[in-house]
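Below is one structure, written out as structure tokens; comments come after it.
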Protein chains: 2
Amino acid sequence: MQRRMSTESRQASGESPEARNIPQAVIKRLSLYSRVLQALEMQNIEKISSAELGRQLGFNSAQVRKDLAFFGQFGVPGFGYYVEDLRINLRHILGKDRTVRVILLGVGNLGSALISYGGFTKQGFAMLRGFDIDPDRARERAHTDVPIVSTTQLEQEVGSMDVDIAVLAVPASQAQEMADRLVALGIKAILNFVPVRLNTPPDVHVRYVDLALELESLSYYVR
Amino acid sequence: MQRRMSTESRQASGESPEARNIPQAVIKRLSLYSRVLQALEMQNIEKISSAELGRQLGFNSAQVRKDLAFFGQFGVPGFGYYVEDLRINLRHILGKDRTVRVILLGVGNLGSALISYGGFTKQGFAMLRGFDIDPDRARERAHTDVPIVSTTQLEQEVGSMDVDIAVLAVPASQAQEMADRLVALGIKAILNFVPVRLNTPPDVHVRYVDLALELESLSYYVR
């Protein structure tokens with residue numbers, strides 16, 4: 001789908017970012033830059049140097065310039081960045097200049113927290129539906145306005161919605177089956193909270209969030 | 001505290017890992033290797049090559065060998081690794097040859113999911129206490145056997161426990177204050193789910209898990 005772009009972002013995306021190999025860590029840092037810029041704009045700050053932008057996040061200026069250089073020429077040498085301009089450009093690069101449409105599969109303990117997670121809404125994500133094998137129990141647990149329906153209705157519901165990302169929080173034994181159904185529905189991005197490696201086609205992006213793994217990588221430091 | 005070590009692990013930790021600069025990504029992969037080895041042991045598989053160990057996780061054999069080389073010489077050239085030996089060594093390196101003691105601060109929606117998260121228990125973590133400013137409401141929400149007490153009791157409770165890691169899931173406005181209190185209590189590792197950068201001394205390890213950021217890094221791929 002083609003969207004109207006500003007001059008800067010057209011220049012920035014002259015070459016398809018998918019075609020280049022942009023490290024996931026860079027994409028993550030873009031989100032962080034974008035948040036700092038949001039905060040600056042709310043304080044009516046109009047420009048910022050790469051050094052200051054980096055400092056607020058604990059990165060150096062070279063890192064900031066290198067990350068942004070993947071996407072085009074945004075700064076003015078010796079001056080820095082226009083806050084609003086850069087924020088709009090980053091939003092576009094991150095696909096955030098529209099609402100990103102999300103569904104959740106598995107409304108257990110973790111799913112209940114995710115379906116009503118304030119951070120998602122705040123960052124421009126719309127949680128459209130929750131799916132659970134026991135939707136009545138899930139509704140009781142989740143306390144949310146997001147409709148929760150039976151997993152058996154997945155194909156029917158998703159068929160009439162435009163879903164960008166599916167969040168997977170089902171039991172491990174169901175993860176691959178659910179992933180297969182999502183892939184069959186044409187969903188290209190899965191945020192997977194299940195500690196199971198999924199088999200998916202190369203054009204489907206899967207990000208793994210393994211909460212126990214985060215804890216483990218800390219336990220290394222407290223031995 | 002000194003613990004008995006096997007010959008291999010004494011050799012492996014001859015140099016203090018803290019003194020060297022081991023990338024966090026390597027530590028994370030060690031946990032992944034450790035899980036594959038757990039699964040192999042349960043299937044009574046006695047040895048594995050670096051190629052096969054890597055394949056199960058989508059890494060190549062060079063990656064596996066390079067990661068393990070940070071900690072010592074574990075494999076037998078042309079043979080591979082003894083599954084049980086390597087698993088025991090990795091457990092020790094990761095500080096998992098004892099129960100890692102965890103507390104949770106903030107038992108809201110996300111905190112409720114975290115306090116009873118099965119993955120933590122399964123991976124050898126003990127969730128000792130939850131703390132919330134409204135412990136009665138938190139208890140209703142969380143449905144857990146883990147005691148949930150008032151945040152005002154933090155210093156008193158932690159003083160008598162041996163806490164390794166604190167998980168932070170409080171509102172953003174309280175994150176820094178809570179971190180300060182944890183640091184004052186001598187806690188050296190914080191898993192932070194709050195999208196706020198914390199100011200902590202250099203000897204305190206903080207890992208950030210920003211769920212909206214994970215979603216954002218996916219939205220880039222579905223523009």
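All residue names refer to the structure tokens as shown: chains lettered A, B, ... in order, residues numbered from 1 in each chain, ligands numbered from 1 in order.
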task: Name the residues of range 9-191 of chain B that come out as alpha helix (DSSP H) in a backbone DSSP run; write them as a PyMOL selection string.
output: chain B and resi 9-12+24-42+50-55+61-69+83-93+109-115+118-122+135-142+154-159+175-184
field: Expected answer as a ChimeraX atom specification: chain A residues within 6 Å of chain B, only C-alpha atoms
entry: /A:27-28,94-95,109-110,113,119-120,212,217,219-220,223
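Shell of Pro135 in chain A at 12 Å, with only C-alpha atoms counted and residues fewer than 4 places along the chain excluded, is Leu105, Gly106, Val107, Gly108, Ser112, Arg129, Gly130, Phe131, Arg139, Glu140, Arg141, Ala142, Val146, Pro147, Ile148, Val149, Ser150, Thr151, Thr152 and Gln153 of chain A.
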Selection above as a file: N, CA, C and O atoms, as a PDB file, in the first residue's frame:
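So the final result, stored in out-v9.pdb, reads:
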```
ATOM      1  N   LEU A 105      -3.233 -13.855  20.932  1.00  0.00           N
ATOM      2  CA  LEU A 105      -3.673 -15.245  21.019  1.00  0.00           C
ATOM      3  C   LEU A 105      -3.247 -15.836  22.344  1.00  0.00           C
ATOM      4  O   LEU A 105      -2.048 -15.898  22.635  1.00  0.00           O
ATOM      5  N   GLY A 106      -4.220 -16.256  23.140  1.00  0.00           N
ATOM      6  CA  GLY A 106      -3.924 -16.820  24.453  1.00  0.00           C
ATOM      7  C   GLY A 106      -4.081 -15.767  25.532  1.00  0.00           C
ATOM      8  O   GLY A 106      -3.202 -14.937  25.723  1.00  0.00           O
ATOM      9  N   VAL A 107      -5.239 -15.774  26.215  1.00  0.00           N
ATOM     10  CA  VAL A 107      -5.495 -14.763  27.250  1.00  0.00           C
ATOM     11  C   VAL A 107      -5.426 -15.432  28.621  1.00  0.00           C
ATOM     12  O   VAL A 107      -6.400 -15.484  29.361  1.00  0.00           O
ATOM     13  N   GLY A 108      -4.262 -16.012  28.930  1.00  0.00           N
ATOM     14  CA  GLY A 108      -4.002 -16.561  30.262  1.00  0.00           C
ATOM     15  C   GLY A 108      -3.488 -15.446  31.162  1.00  0.00           C
ATOM     16  O   GLY A 108      -3.839 -14.278  30.977  1.00  0.00           O
ATOM     17  N   SER A 112      -3.510 -11.761  29.708  1.00  0.00           N
ATOM     18  CA  SER A 112      -4.374 -10.775  30.370  1.00  0.00           C
ATOM     19  C   SER A 112      -3.625  -9.475  30.608  1.00  0.00           C
ATOM     20  O   SER A 112      -4.185  -8.385  30.467  1.00  0.00           O
ATOM     21  N   ARG A 129      -8.460  -7.682  19.143  1.00  0.00           N
ATOM     22  CA  ARG A 129      -9.166  -8.860  19.650  1.00  0.00           C
ATOM     23  C   ARG A 129      -8.227  -9.719  20.479  1.00  0.00           C
ATOM     24  O   ARG A 129      -7.038  -9.789  20.195  1.00  0.00           O
ATOM     25  N   GLY A 130      -8.797 -10.394  21.458  1.00  0.00           N
ATOM     26  CA  GLY A 130      -8.102 -11.478  22.116  1.00  0.00           C
ATOM     27  C   GLY A 130      -8.764 -12.788  21.725  1.00  0.00           C
ATOM     28  O   GLY A 130      -9.993 -12.836  21.531  1.00  0.00           O
ATOM     29  N   PHE A 131      -7.979 -13.838  21.583  1.00  0.00           N
ATOM     30  CA  PHE A 131      -8.527 -15.159  21.261  1.00  0.00           C
ATOM     31  C   PHE A 131      -8.099 -16.136  22.348  1.00  0.00           C
ATOM     32  O   PHE A 131      -6.938 -16.160  22.746  1.00  0.00           O
ATOM     33  N   ARG A 139     -12.294 -13.681  29.716  1.00  0.00           N
ATOM     34  CA  ARG A 139     -12.927 -12.374  29.922  1.00  0.00           C
ATOM     35  C   ARG A 139     -12.957 -12.005  31.400  1.00  0.00           C
ATOM     36  O   ARG A 139     -12.685 -10.883  31.786  1.00  0.00           O
ATOM     37  N   GLU A 140     -13.274 -12.996  32.237  1.00  0.00           N
ATOM     38  CA  GLU A 140     -13.285 -12.763  33.688  1.00  0.00           C
ATOM     39  C   GLU A 140     -11.915 -12.341  34.200  1.00  0.00           C
ATOM     40  O   GLU A 140     -11.790 -11.475  35.051  1.00  0.00           O
ATOM     41  N   ARG A 141     -10.903 -13.002  33.647  1.00  0.00           N
ATOM     42  CA  ARG A 141      -9.545 -12.781  34.114  1.00  0.00           C
ATOM     43  C   ARG A 141      -9.004 -11.428  33.663  1.00  0.00           C
ATOM     44  O   ARG A 141      -8.284 -10.764  34.392  1.00  0.00           O
ATOM     45  N   ALA A 142      -9.364 -11.050  32.423  1.00  0.00           N
ATOM     46  CA  ALA A 142      -8.628  -9.938  31.791  1.00  0.00           C
ATOM     47  C   ALA A 142      -9.142  -8.541  32.135  1.00  0.00           C
ATOM     48  O   ALA A 142      -8.396  -7.578  32.028  1.00  0.00           O
ATOM     49  N   VAL A 146     -11.364  -4.866  25.321  1.00  0.00           N
ATOM     50  CA  VAL A 146     -11.034  -5.548  24.068  1.00  0.00           C
ATOM     51  C   VAL A 146     -11.873  -6.821  23.977  1.00  0.00           C
ATOM     52  O   VAL A 146     -11.882  -7.617  24.923  1.00  0.00           O
ATOM     53  N   PRO A 147     -12.591  -7.031  22.863  1.00  0.00           N
ATOM     54  CA  PRO A 147     -13.386  -8.263  22.749  1.00  0.00           C
ATOM     55  C   PRO A 147     -12.501  -9.511  22.785  1.00  0.00           C
ATOM     56  O   PRO A 147     -11.474  -9.554  22.114  1.00  0.00           O
ATOM     57  N   ILE A 148     -12.924 -10.486  23.564  1.00  0.00           N
ATOM     58  CA  ILE A 148     -12.212 -11.767  23.625  1.00  0.00           C
ATOM     59  C   ILE A 148     -13.153 -12.837  23.085  1.00  0.00           C
ATOM     60  O   ILE A 148     -14.259 -13.008  23.595  1.00  0.00           O
ATOM     61  N   VAL A 149     -12.715 -13.529  22.034  1.00  0.00           N
ATOM     62  CA  VAL A 149     -13.568 -14.535  21.406  1.00  0.00           C
ATOM     63  C   VAL A 149     -12.852 -15.880  21.350  1.00  0.00           C
ATOM     64  O   VAL A 149     -11.668 -15.979  21.685  1.00  0.00           O
ATOM     65  N   SER A 150     -13.579 -16.894  20.946  1.00  0.00           N
ATOM     66  CA  SER A 150     -13.009 -18.244  20.907  1.00  0.00           C
ATOM     67  C   SER A 150     -11.973 -18.371  19.794  1.00  0.00           C
ATOM     68  O   SER A 150     -12.126 -17.816  18.708  1.00  0.00           O
ATOM     69  N   THR A 151     -10.917 -19.130  20.076  1.00  0.00           N
ATOM     70  CA  THR A 151      -9.866 -19.361  19.094  1.00  0.00           C
ATOM     71  C   THR A 151     -10.429 -20.027  17.832  1.00  0.00           C
ATOM     72  O   THR A 151      -9.863 -19.889  16.757  1.00  0.00           O
ATOM     73  N   THR A 152     -11.528 -20.744  17.972  1.00  0.00           N
ATOM     74  CA  THR A 152     -12.130 -21.384  16.794  1.00  0.00           C
ATOM     75  C   THR A 152     -12.605 -20.330  15.777  1.00  0.00           C
ATOM     76  O   THR A 152     -12.759 -20.635  14.602  1.00  0.00           O
ATOM     77  N   GLN A 153     -12.824 -19.093  16.233  1.00  0.00           N
ATOM     78  CA  GLN A 153     -13.292 -18.036  15.335  1.00  0.00           C
ATOM     79  C   GLN A 153     -12.153 -17.232  14.689  1.00  0.00           C
ATOM     80  O   GLN A 153     -12.397 -16.215  14.048  1.00  0.00           O
TER      81      GLN A 153
END
```
- prompt: Pick from B:Ile88, B:Ile103, B:Leu154, B:Leu182: nearest to Ile133 in chain B, with only C-alpha atoms counted?
  reply: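 Ranking B:Ile88, B:Ile103, B:Leu154, B:Leu182 by distance to Ile133 in chain B, first place goes to B:Leu154.
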task: Between CA of Arg181 in chain A and CA of Arg137 in chain A, measure the distance and give it in Å to one decimal.
output: 22.9 Å
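For the choices A:Leu104, A:Val158, A:Ala39, A:Leu53, the atom-to-atom distance to Ala138 in chain A is smallest for A:Leu104 when using only C-alpha atoms.
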message: Counting only C-alpha atoms, which residue out of A:Ala62, A:Arg35, A:Tyr81, A:Asn21 sits closest to Lys47 in chain A?
response: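 For Lys47 in chain A, the nearest of the candidates is A:Tyr81.
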Would you mind writing down, as a PDB file with C-alpha atoms, in the first residue's frame, each residue of chain A that DSSP on the backbone assigns to strand (DSSP E or B)?
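The result, stored in part_36.pdb:
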```
ATOM      1  CA  LYS A  47      16.551  21.124  17.966  1.00  0.00           C
ATOM      2  CA  ILE A  48      18.948  18.607  19.475  1.00  0.00           C
ATOM      3  CA  VAL A  76      22.535  19.448   9.735  1.00  0.00           C
ATOM      4  CA  GLY A  80      22.039  18.799  14.962  1.00  0.00           C
ATOM      5  CA  TYR A  81      18.495  17.674  14.235  1.00  0.00           C
ATOM      6  CA  TYR A  82      15.183  19.484  14.020  1.00  0.00           C
ATOM      7  CA  VAL A 100      -0.658  -0.587  13.994  1.00  0.00           C
ATOM      8  CA  ARG A 101      -3.311  -3.289  14.363  1.00  0.00           C
ATOM      9  CA  VAL A 102      -2.633  -6.106  16.791  1.00  0.00           C
ATOM     10  CA  ILE A 103      -4.387  -9.288  17.931  1.00  0.00           C
ATOM     11  CA  LEU A 104      -3.536 -11.468  20.919  1.00  0.00           C
ATOM     12  CA  LEU A 105      -3.673 -15.245  21.019  1.00  0.00           C
ATOM     13  CA  PHE A 125      -0.943   0.199  18.817  1.00  0.00           C
ATOM     14  CA  ALA A 126      -4.580  -0.880  18.647  1.00  0.00           C
ATOM     15  CA  MET A 127      -5.389  -4.181  20.321  1.00  0.00           C
ATOM     16  CA  LEU A 128      -8.306  -5.446  18.232  1.00  0.00           C
ATOM     17  CA  ARG A 129      -9.166  -8.860  19.650  1.00  0.00           C
ATOM     18  CA  GLY A 130      -8.102 -11.478  22.116  1.00  0.00           C
ATOM     19  CA  PHE A 131      -8.527 -15.159  21.261  1.00  0.00           C
ATOM     20  CA  ASP A 132      -8.704 -17.920  23.824  1.00  0.00           C
ATOM     21  CA  ILE A 148     -12.212 -11.767  23.625  1.00  0.00           C
ATOM     22  CA  VAL A 149     -13.568 -14.535  21.406  1.00  0.00           C
ATOM     23  CA  SER A 150     -13.009 -18.244  20.907  1.00  0.00           C
ATOM     24  CA  ILE A 165       0.927  -8.116  14.224  1.00  0.00           C
ATOM     25  CA  ALA A 166      -0.168 -11.158  16.223  1.00  0.00           C
ATOM     26  CA  VAL A 167       1.022 -11.526  19.810  1.00  0.00           C
ATOM     27  CA  LEU A 168       1.386 -15.165  20.825  1.00  0.00           C
ATOM     28  CA  ALA A 189       4.721 -10.416  12.068  1.00  0.00           C
ATOM     29  CA  ILE A 190       4.485 -12.399  15.296  1.00  0.00           C
ATOM     30  CA  LEU A 191       5.574 -11.295  18.750  1.00  0.00           C
ATOM     31  CA  ASN A 192       6.129 -14.625  20.488  1.00  0.00           C
ATOM     32  CA  HIS A 205       9.070 -11.856  11.081  1.00  0.00           C
ATOM     33  CA  VAL A 206       9.031 -13.446  14.509  1.00  0.00           C
ATOM     34  CA  ARG A 207      10.372 -11.705  17.598  1.00  0.00           C
ATOM     35  CA  TYR A 208      10.915 -13.809  20.687  1.00  0.00           C
TER      36      TYR A 208
END
```
- prompt: Between CA of Ala175 in chain A and CA of Pro23 in chain A, what is the distance, to one decimal in Å?
  reply: 26.0 Å
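CA of Val83 in chain B is positioned 6.7 Å from CA of Glu41 in chain B.
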